[in-house]
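**Student:** Next comes work-v4.tsv, TSV, C-alpha atoms:
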```tsv
chain	number	residue	atom	x	y	z
A	856	MET	CA	-77.94	36.19	-105.56
A	857	ALA	CA	-77.03	37.62	-108.91
A	858	HIS	CA	-77.61	35.43	-111.88
A	859	PRO	CA	-76.64	35.53	-115.57
A	860	LYS	CA	-79.32	37.28	-117.57
A	861	ARG	CA	-78.69	35.26	-120.74
A	862	LYS	CA	-77.37	31.93	-121.75
A	863	ILE	CA	-73.86	32.19	-123.22
A	864	SER	CA	-74.22	31.50	-126.94
A	865	LYS	CA	-72.18	28.75	-128.56
A	866	SER	CA	-70.37	31.47	-130.45
A	867	ARG	CA	-69.30	33.35	-127.31
A	868	ARG	CA	-68.38	30.17	-125.50
A	869	ASP	CA	-66.28	28.93	-128.40
A	870	LYS	CA	-64.62	32.31	-128.87
A	871	ARG	CA	-63.54	32.20	-125.25
A	872	ARG	CA	-62.10	28.77	-125.81
A	873	THR	CA	-59.88	29.84	-128.71
A	874	HIS	CA	-57.32	30.80	-126.10
A	875	TYR	CA	-57.23	27.33	-124.52
A	876	LYS	CA	-54.15	25.96	-126.20
A	877	ASP	CA	-51.88	23.01	-125.69
A	878	LYS	CA	-48.15	23.46	-125.60
A	879	ALA	CA	-45.73	20.94	-127.01
A	880	PRO	CA	-43.50	19.43	-124.29
A	881	THR	CA	-39.89	20.59	-124.31
A	882	LEU	CA	-37.92	17.45	-124.97
A	883	SER	CA	-34.22	16.85	-125.00
A	884	LYS	CA	-32.08	13.98	-126.21
A	885	CYS	CA	-31.02	11.29	-123.80
A	886	ALA	CA	-27.25	11.42	-123.34
A	887	ASN	CA	-27.11	7.63	-123.25
A	888	CYS	CA	-29.41	6.34	-126.01
A	889	GLY	CA	-30.30	9.49	-127.96
A	890	ASP	CA	-34.03	9.03	-127.56
A	891	LEU	CA	-36.23	12.01	-126.72
A	892	LYS	CA	-36.85	12.47	-123.01
A	893	LEU	CA	-38.21	15.04	-120.58
A	894	SER	CA	-35.59	16.97	-118.67
A	895	HIS	CA	-35.01	16.13	-114.97
A	896	ARG	CA	-36.55	12.71	-115.55
A	897	ALA	CA	-35.08	9.30	-116.19
A	898	CYS	CA	-35.06	8.27	-119.84
A	899	PRO	CA	-38.08	5.96	-120.37
A	900	ALA	CA	-36.28	4.11	-123.15
A	901	CYS	CA	-33.00	3.16	-121.44
A	902	GLY	CA	-33.58	3.97	-117.77
A	903	TYR	CA	-30.60	6.29	-117.51
A	904	TYR	CA	-30.51	9.47	-115.49
A	905	ALA	CA	-27.54	11.78	-114.86
A	906	GLY	CA	-25.24	9.42	-116.74
A	907	ARG	CA	-26.18	6.46	-114.57
A	908	SER	CA	-28.53	3.55	-115.04
A	909	MET	CA	-31.43	3.95	-112.63
A	910	PHE	CA	-33.44	0.94	-113.70
A	911	VAL	CA	-33.50	-1.57	-116.50
A	912	PRO	CA	-36.59	-1.07	-118.68
A	913	GLU	CA	-38.90	-4.02	-119.22
A	914	SER	CA	-38.10	-4.35	-122.93
B	238	MET	CA	-52.35	31.73	-95.07
B	239	ARG	CA	-50.29	28.59	-94.81
B	240	HIS	CA	-46.97	30.23	-94.05
B	241	GLY	CA	-44.38	27.78	-92.74
B	242	VAL	CA	-46.78	24.84	-92.85
B	243	LYS	CA	-44.67	21.91	-93.89
B	244	GLY	CA	-45.62	18.71	-95.58
B	245	ARG	CA	-48.22	17.59	-98.07
B	246	LYS	CA	-51.69	16.50	-97.03
B	247	LEU	CA	-52.06	14.15	-99.98
B	248	ASN	CA	-55.88	14.48	-99.81
B	249	ARG	CA	-55.94	12.28	-96.74
B	250	THR	CA	-56.96	12.59	-93.12
B	251	ALA	CA	-54.14	12.52	-90.58
B	252	SER	CA	-54.66	8.86	-89.73
B	253	HIS	CA	-54.97	7.85	-93.36
B	254	ARG	CA	-51.76	9.74	-94.13
B	255	VAL	CA	-49.81	8.01	-91.38
B	256	ALA	CA	-51.13	4.63	-92.52
B	257	THR	CA	-50.05	5.43	-96.09
B	258	PHE	CA	-46.53	6.33	-95.02
B	259	ARG	CA	-46.23	3.25	-92.84
B	260	ASN	CA	-47.21	1.05	-95.76
B	261	LEU	CA	-44.89	2.89	-98.15
B	262	ALA	CA	-41.99	2.76	-95.69
B	263	THR	CA	-42.46	-0.97	-95.14
B	264	ALA	CA	-42.58	-1.52	-98.88
B	265	LEU	CA	-39.44	0.55	-99.44
B	266	LEU	CA	-37.50	-1.28	-96.75
B	267	ARG	CA	-38.66	-4.64	-98.08
B	268	TYR	CA	-38.07	-4.06	-101.79
B	269	LYS	CA	-35.35	-1.32	-101.52
B	270	LYS	CA	-36.80	0.38	-104.59
B	271	ILE	CA	-40.42	1.35	-105.15
B	272	LYS	CA	-42.35	3.33	-107.71
B	273	THR	CA	-44.88	5.85	-106.46
B	274	THR	CA	-46.10	9.36	-107.16
B	275	THR	CA	-43.51	12.10	-106.83
B	276	ALA	CA	-45.45	13.79	-104.02
B	277	LYS	CA	-45.62	10.59	-101.96
B	278	ALA	CA	-41.98	9.74	-102.68
B	279	LYS	CA	-40.83	13.14	-101.47
B	280	GLU	CA	-42.93	12.93	-98.32
B	281	LEU	CA	-41.78	9.39	-97.73
B	282	ARG	CA	-38.17	10.58	-97.44
B	283	VAL	CA	-39.16	12.67	-94.42
B	284	PHE	CA	-40.85	9.62	-92.92
B	285	VAL	CA	-38.32	6.81	-93.47
B	286	GLU	CA	-35.00	8.56	-93.09
B	287	PRO	CA	-35.47	9.26	-89.35
B	288	LEU	CA	-36.53	5.63	-88.93
B	289	ILE	CA	-33.31	4.42	-90.54
B	290	THR	CA	-31.28	6.80	-88.40
B	291	LYS	CA	-33.10	5.50	-85.34
B	292	ALA	CA	-32.33	1.92	-86.37
B	293	LYS	CA	-28.58	2.61	-86.23
B	294	ASP	CA	-28.89	2.41	-82.46
B	295	ASP	CA	-29.82	-1.23	-81.93
B	296	SER	CA	-31.52	-1.09	-78.53
B	297	VAL	CA	-34.85	-2.35	-77.31
B	298	ALA	CA	-36.11	1.22	-77.00
B	299	SER	CA	-35.26	2.21	-80.57
B	300	ARG	CA	-36.59	-1.11	-81.88
B	301	ARG	CA	-39.92	-0.36	-80.23
B	302	LEU	CA	-39.95	3.20	-81.53
B	303	VAL	CA	-39.39	2.00	-85.09
B	304	ALA	CA	-41.79	-0.91	-84.62
B	305	ARG	CA	-44.60	1.59	-84.09
B	306	HIS	CA	-44.35	2.38	-87.77
B	307	ILE	CA	-42.91	-0.77	-89.29
B	308	LYS	CA	-45.46	-3.39	-88.34
B	309	ASP	CA	-43.90	-6.18	-90.38
B	310	LYS	CA	-41.57	-8.16	-88.09
B	311	GLU	CA	-39.42	-9.54	-90.89
B	312	VAL	CA	-38.86	-6.10	-92.37
B	313	LEU	CA	-38.10	-4.70	-88.93
B	314	LYS	CA	-35.49	-7.38	-88.37
B	315	GLU	CA	-33.95	-6.79	-91.76
B	316	LEU	CA	-33.82	-3.02	-91.13
B	317	PHE	CA	-31.91	-3.48	-87.87
B	318	THR	CA	-29.45	-5.98	-89.34
B	319	GLU	CA	-28.85	-6.05	-93.09
B	320	ILE	CA	-29.98	-2.55	-94.05
B	321	ILE	CA	-28.10	-0.84	-91.21
B	322	GLU	CA	-25.01	-2.86	-92.07
B	323	LYS	CA	-25.10	-1.67	-95.67
B	324	VAL	CA	-25.93	1.92	-94.78
B	325	GLY	CA	-22.84	2.05	-92.59
B	326	ASP	CA	-21.56	5.53	-91.80
B	327	ARG	CA	-23.87	7.39	-94.15
B	328	ALA	CA	-25.18	10.38	-92.19
B	329	GLY	CA	-28.64	10.80	-93.66
B	330	GLY	CA	-29.62	10.91	-97.31
B	331	TYR	CA	-30.33	7.21	-97.40
B	332	THR	CA	-32.87	7.53	-100.17
B	333	ARG	CA	-32.83	8.74	-103.75
B	334	VAL	CA	-35.84	10.01	-105.71
B	335	VAL	CA	-35.68	9.96	-109.51
B	336	LYS	CA	-38.58	11.30	-111.54
B	337	LEU	CA	-39.92	9.01	-114.22
B	338	GLY	CA	-42.58	11.02	-116.02
B	339	ARG	CA	-46.34	10.89	-115.99
B	340	ARG	CA	-48.53	7.88	-115.34
B	341	TYR	CA	-50.99	6.76	-117.97
B	342	GLY	CA	-54.53	7.14	-116.70
B	343	ASP	CA	-54.36	10.16	-114.41
B	344	ALA	CA	-51.13	11.76	-115.64
B	345	ALA	CA	-49.70	11.73	-112.11
B	346	GLU	CA	-45.99	12.50	-111.93
B	347	MET	CA	-44.31	9.23	-110.98
B	348	SER	CA	-40.98	8.69	-109.23
B	349	LEU	CA	-38.67	5.96	-108.21
B	350	ILE	CA	-37.56	6.03	-104.57
B	351	GLU	CA	-34.77	3.73	-103.53
B	352	LEU	CA	-32.27	3.11	-100.79
B	353	VAL	CA	-29.01	4.60	-102.05
B	354	ASP	CA	-26.88	1.76	-100.72
B	355	PHE	CA	-28.98	-0.90	-102.40
B	356	ASN	CA	-28.77	0.24	-106.03
B	357	ASP	CA	-26.44	-2.43	-107.37
B	358	ILE	CA	-26.40	-0.97	-110.88
B	359	ILE	CA	-25.07	2.39	-109.73
B	360	ASN	CA	-22.80	1.03	-107.04
B	361	THR	CA	-21.03	-1.37	-109.43
B	362	GLU	CA	-20.77	1.40	-112.03
B	363	MET	CA	-19.30	3.75	-109.44
B	364	LYS	CA	-16.82	1.12	-108.38
B	365	ALA	CA	-15.80	0.55	-111.99
B	366	LYS	CA	-15.48	4.29	-112.47
B	367	SER	CA	-13.38	4.83	-109.38
B	368	ALA	CA	-11.18	1.91	-110.42
B	369	GLU	CA	-10.87	3.49	-113.86
B	370	LYS	CA	-9.94	6.82	-112.28
B	371	LYS	CA	-7.35	5.11	-110.12
B	372	ALA	CA	-5.83	3.39	-113.15
B	373	LYS	CA	-5.79	6.69	-115.02
B	374	LYS	CA	-4.13	8.43	-112.09
B	375	GLU	CA	-1.48	5.75	-111.88
B	376	ALA	CA	-0.90	5.94	-115.61
B	377	LYS	CA	-0.58	9.70	-115.34
B	378	VAL	CA	1.94	9.47	-112.53
B	379	ALA	CA	3.93	6.88	-114.49
B	380	ALA	CA	3.82	9.10	-117.58
B	381	GLU	CA	5.04	12.09	-115.59
B	382	GLU	CA	7.90	10.11	-114.17
B	383	ALA	CA	8.85	8.92	-117.64
B	384	LYS	CA	8.59	12.49	-118.89
B	385	ALA	CA	10.82	13.78	-116.11
B	386	ALA	CA	13.37	11.09	-116.92
B	387	ALA	CA	13.15	11.97	-120.61
B	388	GLU	CA	13.64	15.67	-119.84
B	389	VAL	CA	16.90	14.93	-118.07
B	390	ASP	CA	18.07	13.13	-121.19
B	391	GLU	CA	16.83	15.96	-123.39
B	392	ILE	CA	18.84	18.58	-121.49
B	393	GLU	CA	21.94	16.54	-122.06
B	394	ASP	CA	21.11	16.12	-125.74
B	395	ALA	CA	19.86	19.68	-126.25
B	396	GLN	CA	23.09	21.20	-127.54
B	397	VAL	CA	23.70	18.34	-129.89
B	398	VAL	CA	20.17	18.67	-131.24
B	399	GLU	CA	20.60	22.37	-131.97
B	400	GLU	CA	23.77	21.78	-133.97
B	401	THR	CA	22.21	19.05	-136.03
B	402	THR	CA	19.17	21.19	-136.87
B	403	GLU	CA	21.38	23.98	-138.22
B	404	GLN	CA	23.13	21.52	-140.45
B	405	VAL	CA	19.84	20.19	-141.72
B	406	VAL	CA	18.62	23.72	-142.54
B	407	GLU	CA	21.74	24.42	-144.59
B	408	GLU	CA	21.39	21.17	-146.46
B	409	THR	CA	17.77	21.81	-147.34
B	410	THR	CA	18.45	25.32	-148.69
B	411	GLU	CA	21.19	23.96	-150.86
B	412	ALA	CA	18.96	21.19	-152.09
B	413	SER	CA	16.15	23.58	-153.02
B	414	GLU	CA	18.56	25.84	-154.94
B	415	VAL	CA	19.77	22.88	-156.94
B	416	LYS	CA	16.17	21.90	-157.66
B	417	ALA	CA	15.29	25.40	-158.87
B	418	GLU	CA	18.24	25.43	-161.25
B	419	GLU	CA	17.23	22.04	-162.60
B	420	THR	CA	13.68	23.15	-163.33
B	421	LYS	CA	14.97	26.31	-165.04
B	422	THR	CA	17.26	24.34	-167.32
B	423	ASP	CA	14.42	21.93	-168.13
B	424	GLU	CA	12.17	24.79	-169.17
B	425	THR	CA	14.82	26.39	-171.38
B	426	ASP	CA	15.54	23.04	-173.02
B	427	GLU	CA	11.87	22.58	-173.82
B	428	ALA	CA	11.62	26.06	-175.27
B	429	GLU	CA	14.61	25.46	-177.51
B	430	GLU	CA	13.10	22.18	-178.71
B	431	GLU	CA	9.87	23.96	-179.61
B	432	LYS	CA	11.83	26.58	-181.62
B	433	LYS	CA	13.53	23.84	-183.59
B	434	ASN	CA	10.19	22.25	-184.49
```
Would you write the structure of this file as structure tokens?

**Tutor:**
Amino acid sequence: MAHPKRKISKSRRDKRRTHYKDKAPTLSKCANCGDLKLSHRACPACGYYAGRSMFVPES
Amino acid sequence: MRHGVKGRKLNRTASHRVATFRNLATALLRYKKIKTTTAKAKELRVFVEPLITKAKDDSVASRRLVARHIKDKEVLKELFTEIIEKVGDRAGGYTRVVKLGRRYGDAAEMSLIELVDFNDIINTEMKAKSAEKKAKKEAKVAAEEAKAAAEVDEIEDAQVVEETTEQVVEETTEASEVKAEETKTDETDEAEEEKKN
């Protein structure tokens, strides 16, 4: 089986990893409480989804 | 290729998968609302909904069919009595899945799965809304009737109204002319006074 001839240097490895980036989540405002929430998900702050209360949050 | 292969394997063997769904279905029927991963919630719909449909026919045969999956006798009894009663005529779509976001720990997408007819928050809200709509509709109808009645009166009054408006217009033009003359005379008086000083 073919094998790597050389160890990948820290420099090469790290250069490859410069393209591994995180993206910020796209958030929108909850129509009920105005808190930031993910779209297509119930609001974690007030428990509302699609203008209706799905659950009452613990707090 | 996995063309047309339905369902999720959920990293389980066939027997483990069935056991999982039986447990989840029992939990859902007992508590009416459970929190699980989105993948399991979506698969659970496919598993419980036929059971609920089956339970609509309360016969020994269907009870035994459902009892193969719902091992808890109390839950089974409740399904065939209380749950079926509340479900009523609903033809499928007994459950609702709402995504909640990711779980802390393994970042698994979590969901809430519930029996549609057992969400008291929504059902009371819907009732309030439909009552509100009804009230609005009635108010609208009443307003339209009042409007129609008012229109009849208006037609009778229309000619009178036109005459009065003409009179008003004439009066206002006269009034403005008088005002203009007054201001003119004031200005000339002031100018004369300044000359005297």

**Student:** Can you check which residues of chain A have any atom within 12 Å of chain B? Use only C-alpha atoms and format it as a VMD selection string.

**Tutor:** chain A and resid 880 882 892 to 912

**Student:** Can you tell me, as a list of chain:residue names, what residues are no more than 12 Å from B:Gly325 when counting all atoms listed in the file, ignoring any on the same chain fewer than 6 positions away?

**Tutor:**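 The contact residues come out as B:Ile289, B:Thr290, B:Ala292, B:Lys293, B:Asp294, B:Phe317, B:Thr318, B:Glu319, B:Tyr331, B:Val353, B:Asp354, B:Phe355.
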
**Student:** How about saving the chosen residues, C-alpha atoms kept, as a short mmCIF file (atom, residue, chain, number, x, y, z; two decimals), keeping the file's coordinate frame?

**Tutor:**
```
data_model
loop_
_atom_site.label_atom_id
_atom_site.label_comp_id
_atom_site.auth_asym_id
_atom_site.auth_seq_id
_atom_site.Cartn_x
_atom_site.Cartn_y
_atom_site.Cartn_z
CA ILE B 289 -33.31 4.42 -90.54
CA THR B 290 -31.28 6.80 -88.40
CA ALA B 292 -32.33 1.92 -86.37
CA LYS B 293 -28.58 2.61 -86.23
CA ASP B 294 -28.89 2.41 -82.46
CA PHE B 317 -31.91 -3.48 -87.87
CA THR B 318 -29.45 -5.98 -89.34
CA GLU B 319 -28.85 -6.05 -93.09
CA TYR B 331 -30.33 7.21 -97.40
CA VAL B 353 -29.01 4.60 -102.05
CA ASP B 354 -26.88 1.76 -100.72
CA PHE B 355 -28.98 -0.90 -102.40
#
```

**Student:** Please write as a VMD selection string the list of polymer residues whose atoms come within 10 Å of (-45.2, 10.9, -101.4), counting all atoms listed in the file and keeping to the coordinates of the file.

**Tutor:** chain B and resid 244 to 247 254 257 to 258 261 273 to 284 347 to 348 350

**Student:** Let me see the file: selected residues, C-alpha atoms, as an mmCIF file, in the coordinates of the input.

**Tutor:**
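Result written to selection.cif:
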```cif
data_model
loop_
_atom_site.group_PDB
_atom_site.id
_atom_site.type_symbol
_atom_site.label_atom_id
_atom_site.label_comp_id
_atom_site.auth_asym_id
_atom_site.auth_seq_id
_atom_site.Cartn_x
_atom_site.Cartn_y
_atom_site.Cartn_z
ATOM 1 C CA GLY B 244 -45.620 18.710 -95.580
ATOM 2 C CA ARG B 245 -48.220 17.590 -98.070
ATOM 3 C CA LYS B 246 -51.690 16.500 -97.030
ATOM 4 C CA LEU B 247 -52.060 14.150 -99.980
ATOM 5 C CA ARG B 254 -51.760 9.740 -94.130
ATOM 6 C CA THR B 257 -50.050 5.430 -96.090
ATOM 7 C CA PHE B 258 -46.530 6.330 -95.020
ATOM 8 C CA LEU B 261 -44.890 2.890 -98.150
ATOM 9 C CA THR B 273 -44.880 5.850 -106.460
ATOM 10 C CA THR B 274 -46.100 9.360 -107.160
ATOM 11 C CA THR B 275 -43.510 12.100 -106.830
ATOM 12 C CA ALA B 276 -45.450 13.790 -104.020
ATOM 13 C CA LYS B 277 -45.620 10.590 -101.960
ATOM 14 C CA ALA B 278 -41.980 9.740 -102.680
ATOM 15 C CA LYS B 279 -40.830 13.140 -101.470
ATOM 16 C CA GLU B 280 -42.930 12.930 -98.320
ATOM 17 C CA LEU B 281 -41.780 9.390 -97.730
ATOM 18 C CA ARG B 282 -38.170 10.580 -97.440
ATOM 19 C CA VAL B 283 -39.160 12.670 -94.420
ATOM 20 C CA PHE B 284 -40.850 9.620 -92.920
ATOM 21 C CA MET B 347 -44.310 9.230 -110.980
ATOM 22 C CA SER B 348 -40.980 8.690 -109.230
ATOM 23 C CA ILE B 350 -37.560 6.030 -104.570
#
```

**Student:** Rounded to one decimal in Å, what is the spacing between atom CA of B:Ala256 and atom CA of B:Leu288?

**Tutor:** 15.1 Å

**Student:** In Å, rounded to a single decimal, give me how far atom CA of B:Pro287 is from atom CA of B:Val242.

**Tutor:**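 So the two atoms, atom CA of B:Val242 and atom CA of B:Pro287, lie 19.6 Å apart.
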
**Student:** At what distance in Å, to one decimal, does atom CA of B:Val285 lie from atom CA of B:Ile307?

**Tutor:**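 Interatomic distance, atom CA of B:Ile307 to atom CA of B:Val285: 9.8 Å.
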